[in-house]
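Structure data (PDB, C-alpha atoms) from structure37.pdb:
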MODEL        1
ATOM      1  CA  MET F 620      46.000  36.588 140.542  1.00  0.00           C
ATOM      2  CA  LYS F 621      49.255  38.510 140.652  1.00  0.00           C
ATOM      3  CA  ILE F 622      50.330  39.410 144.179  1.00  0.00           C
ATOM      4  CA  ARG F 623      51.457  42.997 143.710  1.00  0.00           C
ATOM      5  CA  THR F 624      50.342  44.719 146.911  1.00  0.00           C
ATOM      6  CA  LEU F 625      50.074  44.062 150.639  1.00  0.00           C
ATOM      7  CA  ASN F 626      46.303  43.817 150.218  1.00  0.00           C
ATOM      8  CA  ASP F 627      46.739  41.204 147.491  1.00  0.00           C
ATOM      9  CA  LEU F 628      49.004  39.166 149.765  1.00  0.00           C
ATOM     10  CA  GLN F 629      46.634  39.421 152.713  1.00  0.00           C
ATOM     11  CA  ASP F 630      43.699  38.424 150.511  1.00  0.00           C
ATOM     12  CA  VAL F 631      45.345  35.233 149.244  1.00  0.00           C
ATOM     13  CA  ILE F 632      46.520  34.317 152.744  1.00  0.00           C
ATOM     14  CA  ASP F 633      43.029  34.888 154.147  1.00  0.00           C
ATOM     15  CA  ALA F 634      41.468  32.792 151.386  1.00  0.00           C
ATOM     16  CA  GLU F 635      44.023  30.035 151.945  1.00  0.00           C
ATOM     17  CA  MET F 636      43.317  29.918 155.656  1.00  0.00           C
ATOM     18  CA  ALA F 637      39.540  30.171 155.306  1.00  0.00           C
ATOM     19  CA  TRP F 638      38.995  27.053 153.211  1.00  0.00           C
ATOM     20  CA  ARG F 639      41.487  25.038 155.234  1.00  0.00           C
ATOM     21  CA  LYS F 640      39.790  26.056 158.473  1.00  0.00           C
ATOM     22  CA  ARG F 641      36.388  25.082 157.046  1.00  0.00           C
ATOM     23  CA  GLU F 642      37.581  21.664 155.947  1.00  0.00           C
ATOM     24  CA  LEU F 643      39.384  20.914 159.199  1.00  0.00           C
ATOM     25  CA  SER F 644      36.280  21.983 161.124  1.00  0.00           C
ATOM     26  CA  ALA F 645      34.284  19.522 159.034  1.00  0.00           C
ATOM     27  CA  VAL F 646      36.837  16.801 159.811  1.00  0.00           C
ATOM     28  CA  ARG F 647      36.492  17.516 163.508  1.00  0.00           C
ATOM     29  CA  SER F 648      32.678  17.403 163.296  1.00  0.00           C
ATOM     30  CA  ASN F 649      32.797  14.090 161.430  1.00  0.00           C
ATOM     31  CA  ILE F 650      34.881  12.563 164.206  1.00  0.00           C
ATOM     32  CA  VAL F 651      32.569  13.859 166.935  1.00  0.00           C
ATOM     33  CA  GLU F 652      29.435  12.603 165.180  1.00  0.00           C
ATOM     34  CA  ALA F 653      30.793   9.240 163.996  1.00  0.00           C
ATOM     35  CA  ARG F 654      29.856   6.092 165.877  1.00  0.00           C
ATOM     36  CA  SER F 655      31.610   2.810 166.537  1.00  0.00           C
ATOM     37  CA  PHE F 656      33.988   1.667 163.780  1.00  0.00           C
ATOM     38  CA  ALA F 657      33.197   4.757 161.696  1.00  0.00           C
ATOM     39  CA  LYS F 658      34.871   6.919 164.345  1.00  0.00           C
ATOM     40  CA  ASP F 659      38.192   5.122 163.868  1.00  0.00           C
ATOM     41  CA  THR F 660      37.890   5.635 160.128  1.00  0.00           C
ATOM     42  CA  ALA F 661      37.153   9.337 160.631  1.00  0.00           C
ATOM     43  CA  ILE F 662      40.195   9.747 162.899  1.00  0.00           C
ATOM     44  CA  ARG F 663      42.455   7.977 160.395  1.00  0.00           C
ATOM     45  CA  ALA F 664      41.188  10.246 157.627  1.00  0.00           C
ATOM     46  CA  GLY F 665      41.570  13.212 159.963  1.00  0.00           C
ATOM     47  CA  ILE F 666      45.268  12.612 160.547  1.00  0.00           C
ATOM     48  CA  ALA F 667      45.899  12.292 156.804  1.00  0.00           C
ATOM     49  CA  LEU F 668      44.024  15.526 156.060  1.00  0.00           C
ATOM     50  CA  LEU F 669      45.626  17.358 158.964  1.00  0.00           C
ATOM     51  CA  TYR F 670      49.059  16.583 157.560  1.00  0.00           C
ATOM     52  CA  ALA F 671      47.900  17.562 154.056  1.00  0.00           C
ATOM     53  CA  HIS F 672      46.791  20.968 155.346  1.00  0.00           C
ATOM     54  CA  TRP F 673      50.052  21.459 157.244  1.00  0.00           C
ATOM     55  CA  GLU F 674      52.105  20.783 154.122  1.00  0.00           C
ATOM     56  CA  GLY F 675      49.810  22.615 151.713  1.00  0.00           C
ATOM     57  CA  ALA F 676      49.405  25.755 153.799  1.00  0.00           C
ATOM     58  CA  ILE F 677      53.105  26.192 154.488  1.00  0.00           C
ATOM     59  CA  LYS F 678      54.069  25.612 150.855  1.00  0.00           C
ATOM     60  CA  ASN F 679      51.391  27.895 149.389  1.00  0.00           C
ATOM     61  CA  ILE F 680      51.730  30.781 151.846  1.00  0.00           C
ATOM     62  CA  ALA F 681      55.533  30.736 151.585  1.00  0.00           C
ATOM     63  CA  THR F 682      55.174  30.874 147.797  1.00  0.00           C
ATOM     64  CA  TYR F 683      52.733  33.801 148.044  1.00  0.00           C
ATOM     65  CA  TYR F 684      55.293  35.720 150.095  1.00  0.00           C
ATOM     66  CA  LEU F 685      58.038  34.913 147.615  1.00  0.00           C
ATOM     67  CA  GLU F 686      55.839  36.132 144.761  1.00  0.00           C
ATOM     68  CA  TYR F 687      55.046  39.345 146.620  1.00  0.00           C
ATOM     69  CA  VAL F 688      58.736  40.122 147.180  1.00  0.00           C
ATOM     70  CA  ALA F 689      59.527  39.204 143.574  1.00  0.00           C
ATOM     71  CA  MET F 690      56.836  41.562 142.260  1.00  0.00           C
ATOM     72  CA  LEU F 691      58.389  44.481 144.161  1.00  0.00           C
ATOM     73  CA  GLY F 692      61.369  44.322 141.807  1.00  0.00           C
ATOM     74  CA  LEU F 693      63.780  45.796 144.329  1.00  0.00           C
ATOM     75  CA  PRO F 694      67.540  45.732 143.723  1.00  0.00           C
ATOM     76  CA  TYR F 695      69.258  42.735 145.290  1.00  0.00           C
ATOM     77  CA  GLY F 696      71.314  45.115 147.405  1.00  0.00           C
ATOM     78  CA  GLN F 697      68.174  46.081 149.318  1.00  0.00           C
ATOM     79  CA  LEU F 698      67.029  42.502 149.892  1.00  0.00           C
ATOM     80  CA  LYS F 699      68.193  39.833 152.300  1.00  0.00           C
ATOM     81  CA  PRO F 700      70.819  37.564 150.724  1.00  0.00           C
ATOM     82  CA  ASN F 701      68.481  34.556 150.555  1.00  0.00           C
ATOM     83  CA  PHE F 702      66.695  36.139 147.583  1.00  0.00           C
ATOM     84  CA  LEU F 703      69.916  36.430 145.614  1.00  0.00           C
ATOM     85  CA  ALA F 704      70.761  32.855 146.600  1.00  0.00           C
ATOM     86  CA  ILE F 705      67.446  31.700 145.123  1.00  0.00           C
ATOM     87  CA  THR F 706      68.174  33.543 141.885  1.00  0.00           C
ATOM     88  CA  LEU F 707      71.726  32.209 141.589  1.00  0.00           C
ATOM     89  CA  LYS F 708      70.865  28.680 142.695  1.00  0.00           C
ATOM     90  CA  ASN F 709      71.678  27.049 139.358  1.00  0.00           C
ATOM     91  CA  ASP F 710      74.816  29.157 138.950  1.00  0.00           C
ATOM     92  CA  LEU F 711      75.974  28.204 142.433  1.00  0.00           C
ATOM     93  CA  LYS F 712      75.408  24.556 141.597  1.00  0.00           C
ATOM     94  CA  SER F 713      77.554  24.958 138.478  1.00  0.00           C
ATOM     95  CA  PHE F 714      80.186  26.711 140.596  1.00  0.00           C
ATOM     96  CA  GLU F 715      80.342  23.763 142.970  1.00  0.00           C
ATOM     97  CA  LEU F 716      80.431  21.089 140.282  1.00  0.00           C
ATOM     98  CA  SER F 717      82.835  22.765 137.865  1.00  0.00           C
ATOM     99  CA  ASN F 718      86.607  23.032 137.983  1.00  0.00           C
ATOM    100  CA  LYS F 719      86.585  25.793 135.363  1.00  0.00           C
ATOM    101  CA  THR F 720      87.931  29.139 136.508  1.00  0.00           C
ATOM    102  CA  THR F 721      85.822  30.893 133.850  1.00  0.00           C
ATOM    103  CA  ILE F 722      82.610  29.644 135.482  1.00  0.00           C
ATOM    104  CA  HIS F 723      83.854  30.491 138.975  1.00  0.00           C
ATOM    105  CA  THR F 724      84.791  34.001 137.867  1.00  0.00           C
ATOM    106  CA  THR F 725      81.438  34.581 136.177  1.00  0.00           C
ATOM    107  CA  VAL F 726      79.476  33.534 139.240  1.00  0.00           C
ATOM    108  CA  VAL F 727      81.604  35.639 141.591  1.00  0.00           C
ATOM    109  CA  ALA F 728      81.214  38.661 139.275  1.00  0.00           C
ATOM    110  CA  GLU F 729      77.417  38.234 139.304  1.00  0.00           C
ATOM    111  CA  ILE F 730      77.437  38.233 143.092  1.00  0.00           C
ATOM    112  CA  ILE F 731      79.695  41.285 143.352  1.00  0.00           C
ATOM    113  CA  GLN F 732      77.664  43.273 140.826  1.00  0.00           C
ATOM    114  CA  SER F 733      74.249  42.196 142.099  1.00  0.00           C
ATOM    115  CA  ASP F 734      73.625  45.023 144.587  1.00  0.00           C
ATOM    116  CA  SER F 735      72.441  47.480 141.960  1.00  0.00           C
ATOM    117  CA  VAL F 736      70.701  44.898 139.755  1.00  0.00           C
ATOM    118  CA  LYS F 737      66.900  44.807 139.766  1.00  0.00           C
ATOM    119  CA  SER F 738      65.845  41.510 141.288  1.00  0.00           C
ATOM    120  CA  LYS F 739      64.299  38.777 139.173  1.00  0.00           C
ATOM    121  CA  ILE F 740      63.397  36.216 141.806  1.00  0.00           C
ATOM    122  CA  PRO F 741      62.114  32.873 140.497  1.00  0.00           C
ATOM    123  CA  ILE F 742      58.948  31.531 142.106  1.00  0.00           C
ATOM    124  CA  GLU F 743      57.964  28.232 140.518  1.00  0.00           C
ATOM    125  CA  GLY F 744      59.414  25.160 142.188  1.00  0.00           C
ATOM    126  CA  ILE F 745      61.378  27.111 144.782  1.00  0.00           C
ATOM    127  CA  VAL F 746      59.420  26.173 147.926  1.00  0.00           C
ATOM    128  CA  LYS F 747      59.689  22.400 148.195  1.00  0.00           C
ATOM    129  CA  THR F 748      58.258  20.101 150.854  1.00  0.00           C
ATOM    130  CA  ASN F 749      59.335  16.823 149.238  1.00  0.00           C
ATOM    131  CA  TYR F 750      55.903  15.494 150.296  1.00  0.00           C
ATOM    132  CA  ASN F 751      57.321  15.093 153.801  1.00  0.00           C
ATOM    133  CA  LEU F 752      57.258  18.425 155.608  1.00  0.00           C
ATOM    134  CA  ASN F 753      59.283  17.626 158.706  1.00  0.00           C
ATOM    135  CA  SER F 754      61.107  20.159 160.864  1.00  0.00           C
ATOM    136  CA  GLU F 755      64.322  19.962 158.826  1.00  0.00           C
ATOM    137  CA  ILE F 756      62.530  20.815 155.587  1.00  0.00           C
ATOM    138  CA  PHE F 757      60.496  23.508 157.359  1.00  0.00           C
ATOM    139  CA  ILE F 758      63.726  25.165 158.527  1.00  0.00           C
ATOM    140  CA  GLU F 759      64.983  25.181 154.939  1.00  0.00           C
ATOM    141  CA  ILE F 760      61.741  26.757 153.711  1.00  0.00           C
ATOM    142  CA  MET F 761      62.075  29.490 156.322  1.00  0.00           C
ATOM    143  CA  ALA F 762      65.672  30.099 155.218  1.00  0.00           C
ATOM    144  CA  THR F 763      64.510  30.242 151.603  1.00  0.00           C
ATOM    145  CA  ILE F 764      62.063  33.062 152.317  1.00  0.00           C
ATOM    146  CA  GLY F 765      64.289  34.722 154.907  1.00  0.00           C
ATOM    147  CA  LEU F 766      62.122  34.359 158.019  1.00  0.00           C
ATOM    148  CA  ASP F 767      63.011  33.357 161.565  1.00  0.00           C
ATOM    149  CA  CYS F 768      61.779  29.995 162.845  1.00  0.00           C
ATOM    150  CA  THR F 769      62.547  30.380 166.566  1.00  0.00           C
ATOM    151  CA  ASP F 770      58.857  30.346 167.530  1.00  0.00           C
ATOM    152  CA  TYR F 771      58.443  26.864 166.036  1.00  0.00           C
ATOM    153  CA  GLU F 772      61.392  25.131 167.689  1.00  0.00           C
ATOM    154  CA  SER F 773      59.358  23.816 170.620  1.00  0.00           C
ATOM    155  CA  SER F 774      56.959  22.174 168.131  1.00  0.00           C
ATOM    156  CA  TYR F 775      59.494  20.213 166.083  1.00  0.00           C
ATOM    157  CA  LYS F 776      58.860  17.061 168.096  1.00  0.00           C
ATOM    158  CA  LEU F 777      55.128  17.433 167.447  1.00  0.00           C
ATOM    159  CA  ILE F 778      55.768  17.766 163.715  1.00  0.00           C
ATOM    160  CA  ASP F 779      58.302  14.953 163.384  1.00  0.00           C
ATOM    161  CA  THR F 780      57.405  12.291 165.918  1.00  0.00           C
ATOM    162  CA  VAL F 781      53.673  12.896 166.230  1.00  0.00           C
ATOM    163  CA  LEU F 782      52.073  14.293 163.069  1.00  0.00           C
ATOM    164  CA  LEU F 783      54.369  12.784 160.429  1.00  0.00           C
ATOM    165  CA  GLU F 784      55.009   9.548 162.254  1.00  0.00           C
ATOM    166  CA  LYS F 785      51.334   8.860 162.832  1.00  0.00           C
ATOM    167  CA  ARG F 786      50.442   9.922 159.286  1.00  0.00           C
ATOM    168  CA  ASN F 787      53.031   7.498 157.924  1.00  0.00           C
ATOM    169  CA  LYS F 788      51.908   4.625 160.117  1.00  0.00           C
ATOM    170  CA  ILE F 789      48.273   5.142 159.151  1.00  0.00           C
ATOM    171  CA  ALA F 790      49.304   5.292 155.486  1.00  0.00           C
ATOM    172  CA  HIS F 791      50.971   1.910 155.984  1.00  0.00           C
ATOM    173  CA  GLY F 792      47.780   0.409 157.375  1.00  0.00           C
ATOM    174  CA  GLU F 793      48.373   0.384 161.129  1.00  0.00           C
ATOM    175  CA  ARG F 794      45.423   0.428 163.492  1.00  0.00           C
ATOM    176  CA  LEU F 795      44.790   3.411 165.752  1.00  0.00           C
ATOM    177  CA  GLU F 796      45.322   1.491 168.993  1.00  0.00           C
ATOM    178  CA  THR F 797      48.808   0.444 167.895  1.00  0.00           C
ATOM    179  CA  ILE F 798      49.922   4.051 167.412  1.00  0.00           C
ATOM    180  CA  GLY F 799      48.375   5.566 170.540  1.00  0.00           C
ATOM    181  CA  MET F 800      45.663   7.474 168.740  1.00  0.00           C
ATOM    182  CA  ASP F 801      42.109   8.065 169.868  1.00  0.00           C
ATOM    183  CA  GLU F 802      39.556  10.876 169.616  1.00  0.00           C
ATOM    184  CA  GLU F 803      40.989  12.926 172.479  1.00  0.00           C
ATOM    185  CA  ARG F 804      44.554  12.614 171.185  1.00  0.00           C
ATOM    186  CA  TYR F 805      43.455  13.579 167.677  1.00  0.00           C
ATOM    187  CA  PHE F 806      41.791  16.762 168.908  1.00  0.00           C
ATOM    188  CA  GLU F 807      44.936  17.696 170.832  1.00  0.00           C
ATOM    189  CA  ILE F 808      47.123  17.273 167.723  1.00  0.00           C
ATOM    190  CA  HIS F 809      44.508  19.015 165.558  1.00  0.00           C
ATOM    191  CA  GLU F 810      44.547  22.154 167.708  1.00  0.00           C
ATOM    192  CA  LYS F 811      48.331  22.328 167.924  1.00  0.00           C
ATOM    193  CA  VAL F 812      48.921  21.833 164.196  1.00  0.00           C
ATOM    194  CA  PHE F 813      46.294  24.372 163.166  1.00  0.00           C
ATOM    195  CA  THR F 814      47.816  26.839 165.636  1.00  0.00           C
ATOM    196  CA  LEU F 815      51.185  26.374 163.895  1.00  0.00           C
ATOM    197  CA  ILE F 816      49.601  26.974 160.490  1.00  0.00           C
ATOM    198  CA  GLN F 817      47.924  30.150 161.782  1.00  0.00           C
ATOM    199  CA  LEU F 818      51.194  31.290 163.365  1.00  0.00           C
ATOM    200  CA  PHE F 819      52.948  30.902 160.033  1.00  0.00           C
ATOM    201  CA  ALA F 820      50.217  32.743 158.129  1.00  0.00           C
ATOM    202  CA  ASN F 821      50.395  35.652 160.599  1.00  0.00           C
ATOM    203  CA  GLN F 822      54.192  35.716 160.497  1.00  0.00           C
ATOM    204  CA  VAL F 823      54.256  35.952 156.708  1.00  0.00           C
ATOM    205  CA  ALA F 824      51.651  38.728 156.642  1.00  0.00           C
ATOM    206  CA  ASN F 825      53.522  40.667 159.320  1.00  0.00           C
ATOM    207  CA  ALA F 826      56.864  40.130 157.550  1.00  0.00           C
ATOM    208  CA  ALA F 827      55.455  41.806 154.461  1.00  0.00           C
ATOM    209  CA  ILE F 828      54.004  44.709 156.457  1.00  0.00           C
ATOM    210  CA  LEU F 829      57.246  45.230 158.398  1.00  0.00           C
ATOM    211  CA  LYS F 830      59.384  44.702 155.281  1.00  0.00           C
ATOM    212  CA  LYS F 831      61.338  41.846 156.796  1.00  0.00           C
ATOM    213  CA  TYR F 832      62.584  41.035 153.301  1.00  0.00           C
ATOM    214  CA  LEU F 833      64.938  44.035 153.454  1.00  0.00           C
ATOM    215  CA  ARG F 834      68.512  43.813 154.667  1.00  0.00           C
TER     216      ARG F 834
ENDMDL
END
Structure translated into C-alpha cells:
Amino acid sequence: MKIRTLNDLQDVIDAEMAWRKRELSAVRSNIVEARSFAKDTAIRAGIALLYAHWEGAIKNIATYYLEYVAMLGLPYGQLKPNFLAITLKNDLKSFELSNKTTIHTTVVAEIIQSDSVKSKIPIEGIVKTNYNLNSEIFIEIMATIGLDCTDYESSYKLIDTVLLEKRNKIAHGERLETIGMDEERYFEIHEKVFTLIQLFANQVANAAILKKYLR
C-alpha cells in the first residue's frame, strides 16, 4: 500500500498498533495464567517479545512517516533539512572521504540548488535500529525523520538499562532471579514500554497532521 494521504498514514499506523497490542495482551495473559516453572518461561518470552515490539514498531512507523513525506513530493526548500540530508547521504559520504575539489564542488552545488528541486526522498534502509534499539539509536531515528525526542528523555534509562539489558541477559541464558525479574516487575516494564510505543505512534500521526516536516 502506498502511503499517499493522511488517512493512508493513519490506517497503517492503526493497523501496526492493533496487532502489536493484541499480541502483547496475549503475552500478558499467558504470564498471568501460567503456573510454576511455566510462568518463568512465559516471562522470559515476554521480555524478548516486548523488546521485539519496541524495535519493530519504532522502525515501521518511522518508515511510514518517511514514505508519507516522500510521496508528497515537496521541494526540498519547503522541508526540514533532515530530508535533504537523507537524500544526499551517499554524496556527503563521498564528500568526507574524497580529497577531490570536483566532488566537493558538485556536492555543495547540489545543496545550494536544492531549494527549488522536487524532493526524491529514499525510504528503503533509511531507518535503522541495528537490532539494538537503545536510546542513542532512537535519538538518531528521530533526527532522521525530523521529530523532537524531548518527551522520551526520562525513559532512556528504562530503554537502555532495563529493557535492553534484561533482554540481552535472557538471550544469554540467565535466570530471572539473577536479573531481578518477576511477574510484577515484568508488568511494570510492559506498561511503560507500550506507553512509549503509543506515544511515538501518536507523535508521528500528529506530526503529519500539523505538517511538522515543513521548515
For F:Phe819, find every residue with an atom within 12 Å (counting all atoms listed in the file), except residues of its own chain fewer than 2 positions away, and show them as a ChimeraX atom specification.
/F:632,636,673-674,676-681,684,757,760-761,766-771,812-817,821-826
I would like the residues chosen by the PyMOL selection byres ((chain F and resi 670) around 12) on the shown file; could you give them as a tab-separated table (two decimals) with C-alpha atoms, in the coordinates of the input?
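Final output, result-v6.tsv:
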chain	number	residue	atom	x	y	z
F	639	ARG	CA	41.49	25.04	155.23
F	643	LEU	CA	39.38	20.91	159.20
F	663	ARG	CA	42.46	7.98	160.40
F	664	ALA	CA	41.19	10.25	157.63
F	665	GLY	CA	41.57	13.21	159.96
F	666	ILE	CA	45.27	12.61	160.55
F	667	ALA	CA	45.90	12.29	156.80
F	668	LEU	CA	44.02	15.53	156.06
F	669	LEU	CA	45.63	17.36	158.96
F	671	ALA	CA	47.90	17.56	154.06
F	672	HIS	CA	46.79	20.97	155.35
F	673	TRP	CA	50.05	21.46	157.24
F	674	GLU	CA	52.10	20.78	154.12
F	675	GLY	CA	49.81	22.62	151.71
F	676	ALA	CA	49.40	25.76	153.80
F	677	ILE	CA	53.10	26.19	154.49
F	748	THR	CA	58.26	20.10	150.85
F	750	TYR	CA	55.90	15.49	150.30
F	751	ASN	CA	57.32	15.09	153.80
F	752	LEU	CA	57.26	18.42	155.61
F	753	ASN	CA	59.28	17.63	158.71
F	777	LEU	CA	55.13	17.43	167.45
F	778	ILE	CA	55.77	17.77	163.72
F	779	ASP	CA	58.30	14.95	163.38
F	781	VAL	CA	53.67	12.90	166.23
F	782	LEU	CA	52.07	14.29	163.07
F	783	LEU	CA	54.37	12.78	160.43
F	784	GLU	CA	55.01	9.55	162.25
F	785	LYS	CA	51.33	8.86	162.83
F	786	ARG	CA	50.44	9.92	159.29
F	787	ASN	CA	53.03	7.50	157.92
F	789	ILE	CA	48.27	5.14	159.15
F	790	ALA	CA	49.30	5.29	155.49
F	805	TYR	CA	43.46	13.58	167.68
F	808	ILE	CA	47.12	17.27	167.72
F	809	HIS	CA	44.51	19.02	165.56
F	811	LYS	CA	48.33	22.33	167.92
F	812	VAL	CA	48.92	21.83	164.20
F	813	PHE	CA	46.29	24.37	163.17
F	815	LEU	CA	51.18	26.37	163.90
F	816	ILE	CA	49.60	26.97	160.49
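Shortest atom-to-atom contact with F:Ile622 among F:Asn718, F:Thr682, F:Ser655, F:Thr660: F:Thr682, counting all atoms listed in the file.
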Pairwise distance, atom CA of F:Lys776 with atom CA of F:Asp801, equals 19.1 Å
Kindly compute an axis-aligned box around the listed atoms of stretch 729-737 of chain F, allowing 8 Å on each side, and express its centre and edge lengths in Å to one decimal as AutoDock Vina command-line options.
--center_x 73.3 --center_y 42.9 --center_z 141.9 --size_x 28.8 --size_y 25.2 --size_z 21.3
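The smallest atom-to-atom distance between F:Lys737 and any of F:Pro700, F:Arg804, F:Pro694, F:Leu707, using all atoms listed in the file, is found for F:Pro694.
Interatomic distance, atom CA of F:Glu743 against atom CA of F:Thr725: 24.7 Å.
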Atom CA of F:Met800 and atom CA of F:Ser648 are how many Å apart?
17.2 Å
Which of these, F:Leu829, F:Ile742, F:Ile764, F:Leu818, has the shortest distance to F:Met690 once you count all atoms listed in the file?
F:Ile742
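The shortest atom-to-atom distance to F:Leu691, with only C-alpha atoms taken into account, belongs to F:Leu625 out of F:Ile798, F:Leu625, F:Met620, F:Ala653.
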Option closest in space to F:Glu755, from F:Ile730, F:Tyr775, F:Thr624, F:Gln697 [counting only C-alpha atoms]
F:Tyr775
I'd like the contact shell of F:Ile650 - 8 Å cut-off, only C-alpha atoms, skipping same-chain residues fewer than 3 positions apart - returned as a ChimeraX atom specification.
/F:646-647,653,658,661-662,665,802
With C-alpha atoms retained, could you export that selection as a PDB file, keeping the file's coordinate frame?
ATOM      1  CA  VAL F 646      36.837  16.801 159.811  1.00  0.00           C
ATOM      2  CA  ARG F 647      36.492  17.516 163.508  1.00  0.00           C
ATOM      3  CA  ALA F 653      30.793   9.240 163.996  1.00  0.00           C
ATOM      4  CA  LYS F 658      34.871   6.919 164.345  1.00  0.00           C
ATOM      5  CA  ALA F 661      37.153   9.337 160.631  1.00  0.00           C
ATOM      6  CA  ILE F 662      40.195   9.747 162.899  1.00  0.00           C
ATOM      7  CA  GLY F 665      41.570  13.212 159.963  1.00  0.00           C
ATOM      8  CA  GLU F 802      39.556  10.876 169.616  1.00  0.00           C
TER       9      GLU F 802
END
For F:Tyr695, which residue out of F:Lys640, F:Lys739, F:His791, F:Arg654 is the nearest one, using only C-alpha atoms?
F:Lys739
